[in-house]
Amino acid sequence: MSLKQRILYLSAESTDPKSSTLSQALHEPLKNDIVEIDPTSEGLDYKTVHEAVVDGWRIVHFPDQRSSIANSEEEIIGFQFILEKIEDYSE
Amino acid sequence: MNNIEQYLLNDDQVADFIINGYHIVETPLSPEFHDGIYSKLNNLPSNPGDKINIAVPELNKVYDHPSLRGPLESILGEKYSIGEHRHCHKNHPGTRSQIWHQDNLNIPTLMDGHNRSPDHIKSVLVMYYPQEVKSNMGPTALIPGSHLFRSAPDRNASQGNFRDQKIATLKVGSLLILHYDIWHAGTANTSNKIRYMVKYLFERKKESEKPTWNHNPSNKAHILERLERDDSATLQKSLIHKRNFLRTKMWNNIAGNGSLEYKYHDKWSGSWPEPKM
């Protein structure tokens, strides 16, 4: 058993942690962990970033308030929060 | 059988394509016909690349079927052309998911180098699936409405599953017509069956002078309202106005004399909101 970092990427509709989440990717601290689009997914784990915080996740990165990439025609959908949980983890 | 009139889209179906960026066609060809194509693909010793239509000539019957030509003429105009680039995707059991992406630009065989067209329909991808596609067989995933935006795949790579993603589980022999710029990805095949997808490109040859679908001018107000209000995948509010502008511009660019005009109308008059208890 050792302490390891679980990482949760959540994109939300705005910079407000209580706005609706739009996308999610969860990275587990396992050697063969695979993170990918899941065609059998039945939805996201949390409706808001705040809901994840209530569940024990800690925000380690807050989104930039500039919604799109500055001076670019490219767009990113949503505002990305990165959260972590430090937990005892075993392979 | 060759008459495509019955397969032309109507105003709402064209609006659906503009709003979501995709349209599904289920051809009336028999399951046995599609099974035959699946078997031929399965017996190919190597990837014929652009010559997949020569290696499996039955594909011509699929791609020339009126049930596909009707929707294509509706959104690409009359006398659209077929691109030289074709590809058969062989998705083995165990294949992992791709990341969200728009297809590559600057394919030399394409006529205009394919700059993105977020306000027009200049080309479409048509994906043909010769077998039923269940959710565990590597279905194509789409983000509805994303064709209106230029993506940065490396910066989107951390986004994983979208709440409003569309997973294209399909009946045997279905065709998926996609705006060329839609964000999409092949997903993991966790079944024990190979999933084939054959991809062709179709391109607009000229600007349309009038709608090339079953258009009824009396629908204009209804369509304008849909382009302004219908949701596709949820976005941040700061992109909604850009989205709606591009939708309307796209309609106007393909509709010729059937284009829409903004006319001021009072959207707010009427009954007061009810008190919230």
# chains A, B, ... in the order shown; residues from 1 in each chain; ligands from 1
$ select_by_dssp --residues "range 38-82 of chain A" --states "alpha helix (DSSP H)" --output "PyMOL selection string"
chain A and resi 49-54
$ residues_around --residues "Leu44 in chain A" --least-positions-apart "5" --cutoff "10 Å" --atoms "only C-alpha atoms" --output "list of chain:residue names"
A:Leu10, A:Thr21, A:Leu22, A:Ser23, A:Gln24, A:Ala25, B:Asn161, B:Phe162, B:Arg163, B:Asp164
$ write_last_selection --atoms "N, CA and C atoms" --output "mmCIF file, in the first residue's frame"
data_model
loop_
_atom_site.group_PDB
_atom_site.id
_atom_site.type_symbol
_atom_site.label_atom_id
_atom_site.label_comp_id
_atom_site.auth_asym_id
_atom_site.auth_seq_id
_atom_site.Cartn_x
_atom_site.Cartn_y
_atom_site.Cartn_z
ATOM 1 N N LEU A 10 -12.161 17.550 -15.302
ATOM 2 C CA LEU A 10 -13.576 17.873 -15.527
ATOM 3 C C LEU A 10 -13.653 19.200 -16.266
ATOM 4 N N THR A 21 -21.002 20.120 -15.668
ATOM 5 C CA THR A 21 -19.838 19.513 -16.312
ATOM 6 C C THR A 21 -20.191 19.066 -17.731
ATOM 7 N N LEU A 22 -19.198 19.180 -18.637
ATOM 8 C CA LEU A 22 -19.395 18.819 -20.043
ATOM 9 C C LEU A 22 -18.591 17.594 -20.447
ATOM 10 N N SER A 23 -17.426 17.405 -19.790
ATOM 11 C CA SER A 23 -16.607 16.244 -20.153
ATOM 12 C C SER A 23 -15.807 15.776 -18.948
ATOM 13 N N GLN A 24 -15.305 14.564 -19.042
ATOM 14 C CA GLN A 24 -14.616 13.947 -17.902
ATOM 15 C C GLN A 24 -13.574 12.933 -18.357
ATOM 16 N N ALA A 25 -12.437 12.925 -17.665
ATOM 17 C CA ALA A 25 -11.448 11.849 -17.869
ATOM 18 C C ALA A 25 -10.799 11.568 -16.516
ATOM 19 N N ASN B 161 -14.552 11.587 -22.102
ATOM 20 C CA ASN B 161 -15.967 11.463 -22.473
ATOM 21 C C ASN B 161 -16.695 12.790 -22.348
ATOM 22 N N PHE B 162 -17.445 13.143 -23.382
ATOM 23 C CA PHE B 162 -18.320 14.310 -23.307
ATOM 24 C C PHE B 162 -19.717 13.869 -22.869
ATOM 25 N N ARG B 163 -20.348 14.725 -22.093
ATOM 26 C CA ARG B 163 -21.688 14.390 -21.613
ATOM 27 C C ARG B 163 -22.659 14.157 -22.776
ATOM 28 N N ASP B 164 -22.536 14.970 -23.815
ATOM 29 C CA ASP B 164 -23.512 14.911 -24.914
ATOM 30 C C ASP B 164 -22.945 14.226 -26.152
#
$ closest_residue --among "B:Ser117, B:Gln102, B:Asn244, B:Gln159" --to "Ile19 in chain B" --atoms "only C-alpha atoms"
B:Asn244
$ interface_residues --of "chain B" --to "chain A" --cutoff "9 Å" --atoms "only C-alpha atoms" --output "PyMOL selection string"
chain B and resi 96-100+135-141+146+149-152+155-156+158-164+166-168+185-188+233-239
$ closest_residue --among "A:Glu84, A:Lys31, A:Ser2, A:Ser90" --to "Gly56 in chain A" --atoms "only C-alpha atoms"
A:Glu84
$ residues_around --residues "Arg6 in chain A" --least-positions-apart "3" --cutoff "6 Å" --atoms "only C-alpha atoms" --output "list in words"
Glu28, Pro29, Glu84 and Lys85 of chain A
$ write_last_selection --atoms "N, CA and C atoms" --output "JSON list (two decimals), in the first residue's frame"
[["chain", "number", "residue", "atom", "x", "y", "z"],
["A", 28, "GLU", "N", -6.27, 6.82, -13.21],
["A", 28, "GLU", "CA", -5.93, 6.09, -11.99],
["A", 28, "GLU", "C", -4.43, 5.81, -11.96],
["A", 29, "PRO", "N", -3.84, 5.80, -10.78],
["A", 29, "PRO", "CA", -2.38, 5.60, -10.69],
["A", 29, "PRO", "C", -1.99, 4.13, -10.80],
["A", 84, "GLU", "N", -7.65, 16.25, -7.79],
["A", 84, "GLU", "CA", -6.89, 15.08, -7.33],
["A", 84, "GLU", "C", -7.49, 14.51, -6.06],
["A", 85, "LYS", "N", -7.20, 13.24, -5.87],
["A", 85, "LYS", "CA", -7.44, 12.57, -4.60],
["A", 85, "LYS", "C", -6.16, 11.81, -4.29]]
$ residues_around --residues "Asp11 in chain B" --least-positions-apart "6" --cutoff "9 Å" --atoms "only C-alpha atoms" --output "list of chain:residue names"
B:Trp213, B:Asn214, B:His215, B:Asn216, B:Asn219, B:Lys220, B:Ile223
$ write_last_selection --atoms "C-alpha atoms" --output "compact mmCIF listing (two decimals), in the first residue's frame"
# COMPACT_ATOMS: atom_id res chain seq x y z
CA TRP B 213 -33.87 19.69 -51.09
CA ASN B 214 -37.63 19.60 -50.51
CA HIS B 215 -37.89 23.20 -49.45
CA ASN B 216 -41.05 24.99 -48.39
CA ASN B 219 -40.95 27.16 -43.10
CA LYS B 220 -38.41 29.99 -42.95
CA ILE B 223 -36.14 27.14 -39.35
$ closest_residue --among "B:Phe202, B:Tyr196, B:Trp251, B:Trp272" --to "Leu41 in chain B" --atoms "only C-alpha atoms"
B:Tyr196
$ residues_around --residues "Gln6 in chain B" --least-positions-apart "2" --cutoff "10 Å" --atoms "only C-alpha atoms" --output "mmCIF file with C-alpha atoms, in the first residue's frame"
data_model
loop_
_atom_site.group_PDB
_atom_site.id
_atom_site.type_symbol
_atom_site.label_atom_id
_atom_site.label_comp_id
_atom_site.auth_asym_id
_atom_site.auth_seq_id
_atom_site.Cartn_x
_atom_site.Cartn_y
_atom_site.Cartn_z
ATOM 1 C CA MET B 1 -35.308 2.943 -58.147
ATOM 2 C CA ASN B 3 -35.318 8.392 -58.680
ATOM 3 C CA ILE B 4 -33.806 10.293 -55.776
ATOM 4 C CA LEU B 8 -34.358 14.319 -50.739
ATOM 5 C CA LEU B 9 -34.267 15.836 -47.262
ATOM 6 C CA PRO B 66 -30.692 6.793 -54.270
ATOM 7 C CA SER B 67 -31.207 6.648 -50.493
ATOM 8 C CA GLY B 70 -30.897 12.088 -52.156
ATOM 9 C CA ASN B 214 -37.629 19.596 -50.514
#
$ residues_around --residues "range 71-80 of chain B" --least-positions-apart "3" --cutoff "8 Å" --atoms "only C-alpha atoms" --output "list in words"
Tyr7, Leu8, Leu9, Val14, Ser67, Leu68, Ile121, Lys122, Ser123, Phe202, Glu203, Arg204, Lys205, Lys206, Glu207, Ser208, Pro211, Thr212, Trp213 and Ile254 of chain B
$ select_by_dssp --residues "range 177-257 of chain B" --states "strand (DSSP E)" --output "PyMOL selection string"
chain B and resi 177-179+184-186+195-203
$ closest_residue --among "B:Lys199, B:His101, B:His89, B:Lys51" --to "Tyr63 in chain B" --atoms "only C-alpha atoms"
B:Lys199
$ closest_residue --among "A:Val53, A:Tyr89, A:Val60, A:Thr48" --to "Asp16 in chain A" --atoms "only C-alpha atoms"
A:Thr48
